[in-house]
Amino acid sequence: MSDERDDGGLVMSGEMSWIAACWLLGFGAVNAVLYAVWWLRTRDERKFLRGVRTTDVDPIQAAWWLGAAWEGASPQQENYAAEVAVSLLIVAGDAEIDQAGRITVPLGRLGSQRDPVLAALVTLLRRHKGATVNELLTDPVFQRFRTALEARRTPLRQRFGFYRVPALTAAFVTAFGMSLHAMLLRCPVPGLPDRDPGWWTMAWIPVWAALAASAAVWPVELSRPWTRFTRRCRAVVTEALSDRSPHLLYRVYISASEPSDRRPPEDTATSRAAADVSDRRPSPYDALDEDLDLGLATHADAHHDGTGGGDMGGGD
């Protein structure tokens, strides 16, 4: 009687091995398909990132990818790229901005910008006697500037994509299906002294937890991809605008605002206008340069060599 029970145990063990192997192979196949889909969809993006790995990143292109001066903003925002282009022009001395946010080219200033975006900006500002950032982005007469700006947009997707949910679903189906399969064939749970197959009604939960851990390899669906390139872009923009004053930061923000949100220029000094930012509606630009740029520079400079942390798949 004892021998029969032992033989039955051996048979059950073999059946359990076959069941586990089949379901785990299916689970691995799903993850392999997910990786293949990701690899095909990001092939052009990884090619672009390999191309800029050994070259300097353009500040305007970097601004496109960052989307805003603060971390966590949505990438590929045209308004921030325009603000950075205007700031670069002003820092270079080829343009001026008043308290009302109007950008003009100084009289007698010929400009020496070789960058197509900045060169187009100087030409249009001189021809139309100045403009605000908002007008640069909305007025049809500045379409040439917007076309040149659009050409500098980074060819990268804004969101990582939906991979984690399918991976978690595959883990759930594998764990539950494998446990149900084993219970129907009356296989005992390995490692338990009680050979009752009913234990599979609870044993599938730790199996699912173990398989679901592999889904952590995939970033969150709506997260920004290419984190290493993001850090590099942050460092490039911070360095390019290192000479930007808090007053310039404030005036560019005013220039980018809708006309209805823009306060008329005051007779007080520029420093007073910069100090009154906190009285306006909350905005990420309301922090002065010491709170904004230096914080970013400290974070970005720590990773300026691009060594810390990698992009998914090593495509960067």
# chains A, B, ... in the order shown; residues from 1 in each chain; ligands from 1
>>> select_by_dssp(residues="range 43-221 of chain A", states="helix (DSSP H, G or I)", output="number ranges by chain")
A: 43-52, 59-66, 78-91, 116-127, 133-138, 140-150, 164-184, 197-217
>>> closest_atom_pairs(of="range 9-105 of chain A", to="range 177-181 of chain A", cutoff="9 Å", atoms="only C-alpha atoms", output="JSON lines")
{"residue": "A:Ile19", "atom": "CA", "partner": "A:Met178", "partner_atom": "CA", "distance": 6.6}
{"residue": "A:Ala20", "atom": "CA", "partner": "A:Met178", "partner_atom": "CA", "distance": 6.5}
{"residue": "A:Cys22", "atom": "CA", "partner": "A:Met178", "partner_atom": "CA", "distance": 8.7}
{"residue": "A:Trp23", "atom": "CA", "partner": "A:Met178", "partner_atom": "CA", "distance": 6.1}
{"residue": "A:Leu24", "atom": "CA", "partner": "A:Met178", "partner_atom": "CA", "distance": 8.6}
>>> write_last_selection(atoms="C-alpha atoms", output="mmCIF file, in the first residue's frame")
data_model
loop_
_atom_site.group_PDB
_atom_site.id
_atom_site.type_symbol
_atom_site.label_atom_id
_atom_site.label_comp_id
_atom_site.auth_asym_id
_atom_site.auth_seq_id
_atom_site.Cartn_x
_atom_site.Cartn_y
_atom_site.Cartn_z
ATOM 1 C CA ILE A 19 2.052 21.363 -16.279
ATOM 2 C CA ALA A 20 4.452 23.956 -14.869
ATOM 3 C CA CYS A 22 3.935 24.305 -20.392
ATOM 4 C CA TRP A 23 2.429 27.288 -18.587
ATOM 5 C CA LEU A 24 5.786 28.925 -17.848
#
>>> closest_residue(among="A:Thr138, A:Gln99, A:Gln76, A:Ser87", to="Arg152 in chain A", atoms="only C-alpha atoms")
A:Gln76
>>> closest_atom_pairs(of="range 19-99 of chain A", to="range 228-237 of chain A", cutoff="9 Å", atoms="only C-alpha atoms", output="Markdown table")
| residue | atom | partner | partner_atom | distance |
| --- | --- | --- | --- | --- |
| A:Leu49 | CA | A:Phe229 | CA | 7.8 |
| A:Arg53 | CA | A:Phe229 | CA | 8.8 |
| A:Asp56 | CA | A:Val236 | CA | 8.5 |
| A:Val57 | CA | A:Val236 | CA | 6.9 |
| A:Asp58 | CA | A:Val236 | CA | 7.7 |
| A:Pro59 | CA | A:Val237 | CA | 5.3 |
| A:Ile60 | CA | A:Val237 | CA | 7.9 |
| A:Gln61 | CA | A:Cys233 | CA | 8.3 |
| A:Ala62 | CA | A:Cys233 | CA | 4.7 |
| A:Ala63 | CA | A:Val237 | CA | 6.7 |
| A:Trp65 | CA | A:Thr230 | CA | 7.3 |
| A:Leu66 | CA | A:Thr230 | CA | 6.7 |
| A:Ala69 | CA | A:Arg234 | CA | 8.4 |
| A:Glu71 | CA | A:Arg234 | CA | 8.9 |
| A:Val84 | CA | A:Val237 | CA | 8.0 |
>>> write_last_selection(atoms="C-alpha atoms", output="mmCIF file, in the first residue's frame")
data_model
loop_
_atom_site.group_PDB
_atom_site.id
_atom_site.type_symbol
_atom_site.label_atom_id
_atom_site.label_comp_id
_atom_site.auth_asym_id
_atom_site.auth_seq_id
_atom_site.Cartn_x
_atom_site.Cartn_y
_atom_site.Cartn_z
ATOM 1 C CA LEU A 49 19.731 58.329 -29.638
ATOM 2 C CA ARG A 53 25.353 59.953 -28.034
ATOM 3 C CA ASP A 56 26.429 67.856 -28.471
ATOM 4 C CA VAL A 57 22.688 68.056 -27.932
ATOM 5 C CA ASP A 58 21.150 71.217 -29.363
ATOM 6 C CA PRO A 59 19.558 73.376 -26.578
ATOM 7 C CA ILE A 60 16.425 74.027 -28.660
ATOM 8 C CA GLN A 61 16.033 70.338 -29.441
ATOM 9 C CA ALA A 62 16.656 69.560 -25.776
ATOM 10 C CA ALA A 63 13.946 72.054 -24.808
ATOM 11 C CA TRP A 65 12.093 67.048 -25.351
ATOM 12 C CA LEU A 66 11.949 68.518 -21.835
ATOM 13 C CA ALA A 69 11.635 74.025 -17.076
ATOM 14 C CA GLU A 71 10.742 67.983 -13.982
ATOM 15 C CA VAL A 84 14.283 78.766 -24.796
#
>>> residues_around(residues="Gln77 in chain A", least_positions_apart="2", cutoff="6 Å", atoms="only C-alpha atoms", output="PDB file with all heavy atoms, in the first residue's frame")
ATOM      1  N   TRP A  64      12.662  71.042 -26.612  1.00  0.00           N
ATOM      2  CA  TRP A  64      11.515  70.320 -27.174  1.00  0.00           C
ATOM      3  C   TRP A  64      11.235  69.073 -26.334  1.00  0.00           C
ATOM      4  O   TRP A  64      10.092  68.790 -25.973  1.00  0.00           O
ATOM      5  CB  TRP A  64      11.811  69.910 -28.611  1.00  0.00           C
ATOM      6  CG  TRP A  64      11.241  70.773 -29.678  1.00  0.00           C
ATOM      7  CD1 TRP A  64      11.928  71.578 -30.540  1.00  0.00           C
ATOM      8  CD2 TRP A  64       9.867  70.912 -30.044  1.00  0.00           C
ATOM      9  NE1 TRP A  64      11.073  72.212 -31.400  1.00  0.00           N
ATOM     10  CE2 TRP A  64       9.785  71.815 -31.132  1.00  0.00           C
ATOM     11  CE3 TRP A  64       8.684  70.357 -29.565  1.00  0.00           C
ATOM     12  CZ2 TRP A  64       8.589  72.165 -31.726  1.00  0.00           C
ATOM     13  CZ3 TRP A  64       7.487  70.703 -30.156  1.00  0.00           C
ATOM     14  CH2 TRP A  64       7.448  71.604 -31.221  1.00  0.00           C
ATOM     15  N   GLY A  67      10.030  69.844 -22.531  1.00  0.00           N
ATOM     16  CA  GLY A  67       8.650  70.287 -22.466  1.00  0.00           C
ATOM     17  C   GLY A  67       8.383  71.424 -21.509  1.00  0.00           C
ATOM     18  O   GLY A  67       7.418  72.158 -21.655  1.00  0.00           O
ATOM     19  N   PRO A  75       6.624  65.929 -22.366  1.00  0.00           N
ATOM     20  CA  PRO A  75       7.637  66.283 -23.370  1.00  0.00           C
ATOM     21  C   PRO A  75       7.017  66.810 -24.655  1.00  0.00           C
ATOM     22  O   PRO A  75       5.798  66.793 -24.836  1.00  0.00           O
ATOM     23  CB  PRO A  75       8.352  64.945 -23.615  1.00  0.00           C
ATOM     24  CG  PRO A  75       7.315  63.907 -23.311  1.00  0.00           C
ATOM     25  CD  PRO A  75       6.462  64.483 -22.216  1.00  0.00           C
ATOM     26  N   ASN A  79       5.798  75.421 -26.881  1.00  0.00           N
ATOM     27  CA  ASN A  79       5.932  76.704 -26.200  1.00  0.00           C
ATOM     28  C   ASN A  79       7.247  76.808 -25.436  1.00  0.00           C
ATOM     29  O   ASN A  79       7.884  77.868 -25.428  1.00  0.00           O
ATOM     30  CB  ASN A  79       4.742  76.937 -25.268  1.00  0.00           C
ATOM     31  CG  ASN A  79       4.598  75.838 -24.238  1.00  0.00           C
ATOM     32  OD1 ASN A  79       5.068  74.710 -24.429  1.00  0.00           O
ATOM     33  ND2 ASN A  79       3.939  76.136 -23.135  1.00  0.00           N
ATOM     34  N   TYR A  80       7.687  75.716 -24.800  1.00  0.00           N
ATOM     35  CA  TYR A  80       8.950  75.784 -24.060  1.00  0.00           C
ATOM     36  C   TYR A  80      10.133  75.896 -25.019  1.00  0.00           C
ATOM     37  O   TYR A  80      11.095  76.611 -24.742  1.00  0.00           O
ATOM     38  CB  TYR A  80       9.113  74.560 -23.160  1.00  0.00           C
ATOM     39  CG  TYR A  80      10.355  74.622 -22.289  1.00  0.00           C
ATOM     40  CD1 TYR A  80      10.538  75.672 -21.409  1.00  0.00           C
ATOM     41  CD2 TYR A  80      11.331  73.639 -22.365  1.00  0.00           C
ATOM     42  CE1 TYR A  80      11.665  75.739 -20.612  1.00  0.00           C
ATOM     43  CE2 TYR A  80      12.465  73.699 -21.579  1.00  0.00           C
ATOM     44  CZ  TYR A  80      12.631  74.753 -20.693  1.00  0.00           C
ATOM     45  OH  TYR A  80      13.759  74.829 -19.911  1.00  0.00           O
TER      46      TYR A  80
END
>>> closest_residue(among="A:Val91, A:Phe176, A:Glu78, A:Ala171", to="Thr147 in chain A", atoms="only C-alpha atoms")
A:Glu78
>>> residues_around(residues="Thr42 in chain A", least_positions_apart="3", cutoff="10 Å", atoms="only C-alpha atoms", output="list in words")
Val37, Trp38, Trp39, Glu45, Arg46, Lys47, Phe48, Leu156, Arg157, Phe160, Gly313 and Gly315 of chain A
>>> write_last_selection(atoms="N, CA and C atoms", output="PDB file, in the first residue's frame")
ATOM      1  N   VAL A  37       7.858  43.576 -29.749  1.00  0.00           N
ATOM      2  CA  VAL A  37       7.037  44.716 -30.159  1.00  0.00           C
ATOM      3  C   VAL A  37       7.708  46.019 -29.767  1.00  0.00           C
ATOM      4  N   TRP A  38       8.219  46.079 -28.520  1.00  0.00           N
ATOM      5  CA  TRP A  38       8.922  47.291 -28.078  1.00  0.00           C
ATOM      6  C   TRP A  38      10.146  47.553 -28.939  1.00  0.00           C
ATOM      7  N   TRP A  39      10.904  46.528 -29.247  1.00  0.00           N
ATOM      8  CA  TRP A  39      12.136  46.701 -30.028  1.00  0.00           C
ATOM      9  C   TRP A  39      11.831  47.227 -31.430  1.00  0.00           C
ATOM     10  N   GLU A  45      13.813  55.443 -32.883  1.00  0.00           N
ATOM     11  CA  GLU A  45      14.186  56.269 -31.743  1.00  0.00           C
ATOM     12  C   GLU A  45      15.568  55.891 -31.210  1.00  0.00           C
ATOM     13  N   ARG A  46      15.831  54.600 -31.114  1.00  0.00           N
ATOM     14  CA  ARG A  46      17.145  54.161 -30.630  1.00  0.00           C
ATOM     15  C   ARG A  46      18.252  54.536 -31.617  1.00  0.00           C
ATOM     16  N   LYS A  47      17.916  54.545 -32.901  1.00  0.00           N
ATOM     17  CA  LYS A  47      18.882  54.985 -33.907  1.00  0.00           C
ATOM     18  C   LYS A  47      19.218  56.461 -33.714  1.00  0.00           C
ATOM     19  N   PHE A  48      18.196  57.284 -33.448  1.00  0.00           N
ATOM     20  CA  PHE A  48      18.429  58.703 -33.191  1.00  0.00           C
ATOM     21  C   PHE A  48      19.292  58.900 -31.950  1.00  0.00           C
ATOM     22  N   LEU A 156      11.044  61.395 -30.870  1.00  0.00           N
ATOM     23  CA  LEU A 156      10.845  60.440 -29.782  1.00  0.00           C
ATOM     24  C   LEU A 156       9.390  60.468 -29.344  1.00  0.00           C
ATOM     25  N   ARG A 157       8.876  59.320 -28.918  1.00  0.00           N
ATOM     26  CA  ARG A 157       7.504  59.234 -28.439  1.00  0.00           C
ATOM     27  C   ARG A 157       7.402  59.894 -27.061  1.00  0.00           C
ATOM     28  N   PHE A 160       5.926  55.997 -22.742  1.00  0.00           N
ATOM     29  CA  PHE A 160       6.619  54.735 -22.944  1.00  0.00           C
ATOM     30  C   PHE A 160       5.790  53.736 -23.725  1.00  0.00           C
ATOM     31  N   GLY A 313      16.109  49.045 -22.373  1.00  0.00           N
ATOM     32  CA  GLY A 313      16.612  48.329 -23.537  1.00  0.00           C
ATOM     33  C   GLY A 313      17.997  48.740 -23.960  1.00  0.00           C
ATOM     34  N   GLY A 315      18.930  51.299 -25.504  1.00  0.00           N
ATOM     35  CA  GLY A 315      18.974  51.877 -26.835  1.00  0.00           C
ATOM     36  C   GLY A 315      19.549  53.271 -26.857  1.00  0.00           C
TER      37      GLY A 315
END
